[in-house]
Every structure is written in C-alpha cells, then in structure tokens.
$ cat final-v8.csv   # CSV, C-alpha atoms
chain,number,residue,atom,x,y,z
A,1,MET,CA,48.7,-57.4,-14.6
A,2,GLN,CA,48.5,-58.3,-10.9
A,3,HIS,CA,51.3,-55.9,-10.2
A,4,LEU,CA,49.3,-53.1,-11.9
A,5,LEU,CA,46.2,-53.9,-9.9
A,6,HIS,CA,48.1,-54.0,-6.6
A,7,HIS,CA,49.7,-50.7,-7.4
A,8,HIS,CA,46.3,-49.1,-8.3
A,9,LEU,CA,44.4,-50.2,-5.2
A,10,PRO,CA,46.4,-48.4,-2.5
A,11,ALA,CA,45.9,-45.1,-4.4
A,12,GLN,CA,42.1,-45.5,-4.3
A,13,SER,CA,42.1,-46.3,-0.6
A,14,HIS,CA,44.3,-43.3,0.0
A,15,ASP,CA,41.8,-41.0,-1.8
A,16,GLY,CA,39.0,-42.4,0.4
A,17,THR,CA,41.1,-41.8,3.5
A,18,MET,CA,41.8,-38.2,2.4
A,19,THR,CA,38.1,-37.6,1.7
A,20,ILE,CA,37.1,-38.8,5.1
A,21,ARG,CA,39.9,-36.9,6.8
A,22,ARG,CA,38.8,-33.7,5.0
A,23,TYR,CA,35.1,-34.4,5.9
A,24,LEU,CA,36.2,-34.7,9.6
A,25,LEU,CA,37.8,-31.2,9.3
A,26,SER,CA,34.3,-29.8,8.6
A,27,ILE,CA,33.0,-31.0,12.0
A,28,PRO,CA,34.3,-28.0,14.0
A,29,ILE,CA,32.9,-25.7,11.4
A,30,PHE,CA,29.4,-27.2,11.8
A,31,LEU,CA,29.8,-27.3,15.6
A,32,PHE,CA,30.5,-23.5,15.5
A,33,ILE,CA,27.5,-22.9,13.3
A,34,TYR,CA,25.3,-25.0,15.6
A,35,VAL,CA,26.5,-23.0,18.7
A,36,LEU,CA,25.8,-19.8,16.8
A,37,GLN,CA,22.4,-21.0,15.9
A,38,GLU,CA,21.5,-22.1,19.4
A,39,ALA,CA,23.0,-19.2,21.3
A,40,PHE,CA,22.1,-16.3,19.1
A,41,ILE,CA,19.9,-16.9,16.1
A,42,THR,CA,17.1,-18.8,17.9
A,43,GLN,CA,16.9,-15.8,20.3
A,44,LEU,CA,16.0,-13.4,17.4
A,45,ARG,CA,12.4,-12.7,17.0
A,46,LEU,CA,12.1,-12.2,13.3
A,47,PRO,CA,8.9,-11.7,11.4
A,48,LEU,CA,7.7,-14.6,9.3
A,49,GLY,CA,9.2,-17.3,11.6
A,50,GLY,CA,13.0,-16.7,11.0
A,51,PHE,CA,15.5,-19.1,9.6
A,52,SER,CA,17.9,-21.9,10.5
A,53,LEU,CA,21.5,-21.0,9.8
A,54,LEU,CA,22.5,-24.7,10.3
A,55,LEU,CA,20.0,-25.9,7.8
A,56,ILE,CA,21.1,-23.2,5.2
A,57,ALA,CA,24.8,-23.9,5.8
A,58,THR,CA,24.3,-27.7,5.5
A,59,LEU,CA,22.5,-27.4,2.1
A,60,ILE,CA,25.0,-24.9,0.7
A,61,TRP,CA,27.9,-27.2,1.8
A,62,ALA,CA,26.1,-30.2,0.3
A,63,THR,CA,25.5,-28.3,-3.0
A,64,LEU,CA,29.2,-27.7,-3.3
A,65,SER,CA,30.1,-31.3,-2.5
A,66,THR,CA,29.7,-34.8,-4.0
A,67,PRO,CA,26.5,-36.7,-3.2
A,68,GLU,CA,28.3,-38.9,-0.7
A,69,ILE,CA,29.8,-35.9,1.2
A,70,GLY,CA,26.3,-34.2,1.0
A,71,ALA,CA,24.7,-37.2,2.7
A,72,LEU,CA,27.4,-37.3,5.4
A,73,THR,CA,27.0,-33.6,5.9
A,74,GLY,CA,23.3,-34.1,6.3
A,75,PHE,CA,23.9,-36.9,8.8
A,76,GLY,CA,26.1,-34.8,11.0
A,77,ALA,CA,24.0,-31.7,10.8
A,78,GLY,CA,20.8,-33.8,11.3
A,79,ILE,CA,22.2,-35.1,14.6
A,80,LEU,CA,23.0,-31.6,15.7
A,81,MET,CA,19.5,-30.4,14.7
A,82,ASP,CA,18.0,-33.4,16.6
A,83,LEU,CA,19.9,-32.3,19.7
A,84,SER,CA,18.6,-28.7,19.5
A,85,GLN,CA,16.2,-27.7,22.2
A,86,SER,CA,14.0,-26.1,19.7
A,87,SER,CA,13.5,-29.3,17.7
A,88,PRO,CA,10.0,-30.7,18.1
A,89,GLY,CA,10.5,-34.1,16.6
A,90,PRO,CA,11.9,-37.4,18.0
A,91,MET,CA,15.6,-38.2,17.8
A,92,GLY,CA,16.6,-39.1,14.3
A,93,HIS,CA,13.8,-37.2,12.6
A,94,TRP,CA,16.0,-34.3,11.4
A,95,THR,CA,18.8,-36.8,10.7
A,96,LEU,CA,16.8,-38.7,8.2
A,97,VAL,CA,15.4,-35.6,6.5
A,98,LEU,CA,18.9,-34.0,6.2
A,99,ILE,CA,20.6,-37.2,4.9
A,100,LEU,CA,18.0,-37.2,2.1
A,101,ALA,CA,18.2,-33.4,1.5
A,102,GLY,CA,22.0,-33.3,1.6
A,103,TYR,CA,22.3,-36.1,-0.9
A,104,GLY,CA,19.5,-34.6,-3.1
A,105,VAL,CA,21.0,-31.1,-3.4
A,106,ALA,CA,24.5,-32.5,-3.9
A,107,PHE,CA,23.2,-34.8,-6.6
A,108,LEU,CA,21.5,-31.9,-8.4
A,109,GLY,CA,24.7,-29.9,-8.6
A,110,TYR,CA,27.2,-32.7,-8.9
A,111,GLY,CA,29.2,-32.8,-12.2
A,112,ASP,CA,27.6,-29.6,-13.5
A,113,ASP,CA,30.0,-26.7,-13.0
A,114,ASN,CA,27.4,-24.3,-14.5
A,115,ILE,CA,25.2,-24.9,-11.4
A,116,ARG,CA,28.0,-25.0,-8.9
A,117,SER,CA,29.7,-21.9,-10.2
A,118,ASN,CA,26.6,-19.7,-10.3
A,119,PRO,CA,25.7,-18.2,-6.9
A,120,ILE,CA,22.1,-17.6,-8.0
A,121,ASN,CA,21.7,-21.3,-8.7
A,122,ILE,CA,23.1,-22.3,-5.4
A,123,VAL,CA,20.8,-19.8,-3.5
A,124,LEU,CA,17.9,-21.2,-5.5
A,125,ILE,CA,18.8,-24.8,-4.8
A,126,THR,CA,19.4,-24.0,-1.1
A,127,THR,CA,16.1,-22.1,-0.8
A,128,VAL,CA,14.1,-24.9,-2.4
A,129,GLY,CA,16.0,-27.5,-0.4
A,130,VAL,CA,15.3,-25.7,2.9
A,131,VAL,CA,11.5,-25.5,2.2
A,132,ALA,CA,11.4,-29.1,0.9
A,133,SER,CA,13.3,-30.3,4.0
A,134,GLN,CA,10.9,-28.5,6.3
A,135,PHE,CA,7.9,-29.9,4.4
A,136,VAL,CA,9.3,-33.4,4.6
A,137,PHE,CA,10.0,-32.9,8.3
A,138,LEU,CA,6.4,-31.8,8.8
A,139,LEU,CA,5.0,-34.7,6.7
A,140,LEU,CA,7.0,-37.3,8.7
A,141,GLY,CA,6.0,-35.6,11.9
A,142,PHE,CA,2.3,-35.9,10.8
A,143,LEU,CA,2.9,-39.6,10.1
A,144,LEU,CA,4.4,-40.0,13.5
A,145,GLY,CA,1.4,-38.4,15.2
A,146,GLN,CA,2.7,-34.9,15.9
A,147,GLU,CA,0.3,-31.9,16.0
A,148,LEU,CA,1.1,-29.6,13.2
A,149,GLY,CA,-1.4,-26.7,13.4
A,150,SER,CA,-3.4,-25.2,10.6
A,151,ILE,CA,-2.5,-25.4,7.0
A,152,SER,CA,-2.5,-21.6,6.7
A,153,HIS,CA,0.0,-21.4,9.6
A,154,ILE,CA,2.3,-24.0,8.0
A,155,ALA,CA,2.1,-22.3,4.7
A,156,PHE,CA,3.0,-19.0,6.3
A,157,LEU,CA,6.0,-20.5,8.1
A,158,LEU,CA,7.3,-22.2,5.0
A,159,ALA,CA,6.9,-19.0,3.0
A,160,GLY,CA,8.7,-17.1,5.7
A,161,SER,CA,11.5,-19.7,5.7
A,162,ALA,CA,11.9,-19.3,2.0
A,163,PHE,CA,12.0,-15.6,2.3
A,164,TRP,CA,14.7,-15.6,5.0
A,165,THR,CA,16.7,-18.4,3.3
A,166,ALA,CA,16.8,-16.3,0.1
A,167,ILE,CA,18.1,-13.4,2.1
A,168,VAL,CA,20.6,-15.2,4.3
A,169,SER,CA,22.0,-17.7,1.8
A,170,PRO,CA,23.9,-15.1,-0.4
A,171,LEU,CA,25.4,-13.5,2.8
A,172,VAL,CA,27.0,-16.8,3.9
A,173,LEU,CA,27.6,-18.4,0.5
A,174,LYS,CA,30.9,-16.8,-0.3
A,175,ILE,CA,32.3,-17.6,3.2
A,176,LEU,CA,31.1,-21.2,3.1
A,177,ALA,CA,32.4,-21.7,-0.5
A,178,TYR,CA,35.8,-20.4,0.6
A,179,ILE,CA,36.0,-22.7,3.6
A,180,HIS,CA,34.7,-25.6,1.6
A,181,ALA,CA,37.4,-25.1,-1.0
A,182,ASN,CA,40.1,-25.0,1.6
A,183,VAL,CA,38.8,-28.1,3.5
A,184,PHE,CA,38.5,-30.2,0.4
A,185,GLY,CA,41.5,-28.8,-1.4
A,186,THR,CA,39.5,-27.6,-4.4
A,187,ARG,CA,39.3,-24.4,-6.3
A,188,SER,CA,36.3,-22.3,-5.4
A,189,LEU,CA,34.1,-21.7,-8.5
A,190,LEU,CA,32.4,-18.7,-7.0

$ encode --input "final-v8.csv" --output "structure tokens"
Amino acid sequence: MQHLLHHHLPAQSHDGTMTIRRYLLSIPIFLFIYVLQEAFITQLRLPLGGFSLLLIATLIWATLSTPEIGALTGFGAGILMDLSQSSPGPMGHWTLVLILAGYGVAFLGYGDDNIRSNPINIVLITTVGVVASQFVFLLLGFLLGQELGSISHIAFLLAGSAFWTAIVSPLVLKILAYIHANVFGTRSLL
C-alpha cells in the first residue's frame, strides 16, 4: 500500500509542475497583448468608448481554462492593467477584479464542453464578464473614494464596452483558442 501511494504522489506533483510551466508559457503572449493594447489600441478614438483587448483576451483565455488557471491569468493580466498609464485606480485594483473575473468565467465554463465548444457561448460569457468586471472596478473605485461621473455617462461607457467586446471577441477567439490549445497541450474544441 505504501509503495502504491509513493508511486502515485510524484505523478501528481509532475502534473502540477507541468501546469505551472504551461501557465508560464502564456506570459509572453499576454505581454505582447499588453504592448499592443498600450501602443496601438489606446490610441484609437472609437465611438462609445472603445475596448480593452487585454481584458477581452484575459476572459477568453480564462473561459477556456480551469478555474485555477483562470484566477492565475486574471492575476497576471490584472498586474499589467494596473501598470497601464490609462488605469485610473490604485495598484492592485484591477488585479483583484481580474482574479475574481478570471476565476468566475472559468468556473462557468469548466467541465461543460457544450459551453467551451460553442463560440457564441464564449463570446457571450466574455462580453458579460467584461461589463461585470468594469462595473465591479467602478464599484470598488467608488468605495475607495474615486470620482466616477454621472450614472448616464457610466451606463453609456458600459454599453459601449459591451458593444465593442461583442465585435472584437469573435475576431480574436479562434486565434486565442488555437494558442491556448498549444500552450496547454489540449485539443481545441472550436
């Protein structure tokens, strides 16, 4: 019995090491998305407020992952968003929001291949996740004493964010699903 337990434990730690190693492979991908966001996308003057490619990519990646990887992805992307020059909140504000959002969207899709294999479901979860993340960010900002502006302006920006997320998500979904499948050694369901 002891021999069986001893033989079984190294396999589990090896799987954990492989998961962390594969997670670390995603860091350059998100750094590239962050640079693209900061150098190009923030310079666009789109109607209805625009979009955050990093936020969209984070939630798509989390939807395709386990809840643990979703939370880790949210942590890494949250740090990058906190470092952004366009981020109005204090350091750690986006990190907290994206840990919760990454875990939440991953939890919704985890174990249900019907959700994870349907692009419409992933776009819907991502769009709702982006708007919910921004709402929670604003709510926490309000609790921290930040000025938010009028409710109509906030509603306009959240609606614009939902609009742009619903347009951009399908465009990047196939690419991110392919990269995610290669990083984690899984078969893409899309």

$ closest_residue --input "final-v8.csv" --among "A:Ser150, A:Thr58, A:Asn182, A:Ser52" --to "Phe163 of chain A" --atoms "all atoms listed in the file"
A:Ser52

$ residues_around --input "final-v8.csv" --residues "Gly89 of chain A" --least-positions-apart "3" --cutoff "12 Å" --atoms "all atoms listed in the file" --output "ChimeraX atom specification"
/A:78-79,81-86,92-97,134,137-148

$ closest_atom_pairs --input "final-v8.csv" --of "segment 83-155 of chain A" --to "segment 69-72 of chain A" --cutoff "7 Å" --atoms "only C-alpha atoms" --output "Markdown table"
| residue | atom | partner | partner_atom | distance |
| --- | --- | --- | --- | --- |
| A:Ile99 | CA | A:Ala71 | CA | 4.7 |
| A:Leu100 | CA | A:Ala71 | CA | 6.7 |
| A:Gly102 | CA | A:Gly70 | CA | 4.4 |
| A:Tyr103 | CA | A:Ala71 | CA | 4.5 |
| A:Ala106 | CA | A:Gly70 | CA | 5.5 |

$ closest_residue --input "final-v8.csv" --among "A:Leu55, A:Ala62, A:Leu173, A:Ala39" --to "Ser26 of chain A" --atoms "all atoms listed in the file"
A:Ala62

$ atom_distance --input "final-v8.csv" --atom1 "atom CA of Pro47 of chain A" --atom2 "atom CA of Val35 of chain A"
22.2 Å

$ closest_residue --input "final-v8.csv" --among "A:Ile60, A:Ala159, A:Leu98, A:Ile122" --to "Ile179 of chain A" --atoms "only C-alpha atoms"
A:Ile60

$ atom_distance --input "final-v8.csv" --atom1 "atom CA of Ala101 of chain A" --atom2 "atom CA of Leu64 of chain A"
13.3 Å

$ atom_distance --input "final-v8.csv" --atom1 "atom CA of Ser65 of chain A" --atom2 "atom CA of Leu158 of chain A"
25.7 Å

$ residues_around --input "final-v8.csv" --residues "Leu31 of chain A" --least-positions-apart "5" --cutoff "9 Å" --atoms "only C-alpha atoms" --output "PyMOL selection string"
chain A and resi 26+36+77+80

$ closest_residue --input "final-v8.csv" --among "A:Ser152, A:Thr186, A:Thr63, A:Ser87" --to "Val128 of chain A" --atoms "all atoms listed in the file"
A:Thr63

$ residues_around --input "final-v8.csv" --residues "Tyr23 of chain A" --least-positions-apart "5" --cutoff "10 Å" --atoms "only C-alpha atoms" --output "short mmCIF file (atom, residue, chain, number, x, y, z; two decimals) with C-alpha atoms, in the frame of the given file"
data_model
loop_
_atom_site.label_atom_id
_atom_site.label_comp_id
_atom_site.auth_asym_id
_atom_site.auth_seq_id
_atom_site.Cartn_x
_atom_site.Cartn_y
_atom_site.Cartn_z
CA THR A 17 41.10 -41.80 3.50
CA MET A 18 41.80 -38.20 2.40
CA ILE A 69 29.80 -35.90 1.20
CA LEU A 72 27.40 -37.30 5.40
CA THR A 73 27.00 -33.60 5.90
CA HIS A 180 34.70 -25.60 1.60
CA VAL A 183 38.80 -28.10 3.50
CA PHE A 184 38.50 -30.20 0.40
#

$ residues_around --input "final-v8.csv" --residues "Leu157 of chain A" --least-positions-apart "3" --cutoff "9 Å" --atoms "all atoms listed in the file" --output "MDAnalysis selection string"
chainID A and resid 48:50 152:154 160:162

$ closest_residue --input "final-v8.csv" --among "A:Trp164, A:Phe30, A:Phe40, A:Phe156" --to "Trp61 of chain A" --atoms "all atoms listed in the file"
A:Phe30

$ closest_residue --input "final-v8.csv" --among "A:Thr66, A:Gly149, A:Pro88, A:Thr126" --to "Asp112 of chain A" --atoms "all atoms listed in the file"
A:Thr66
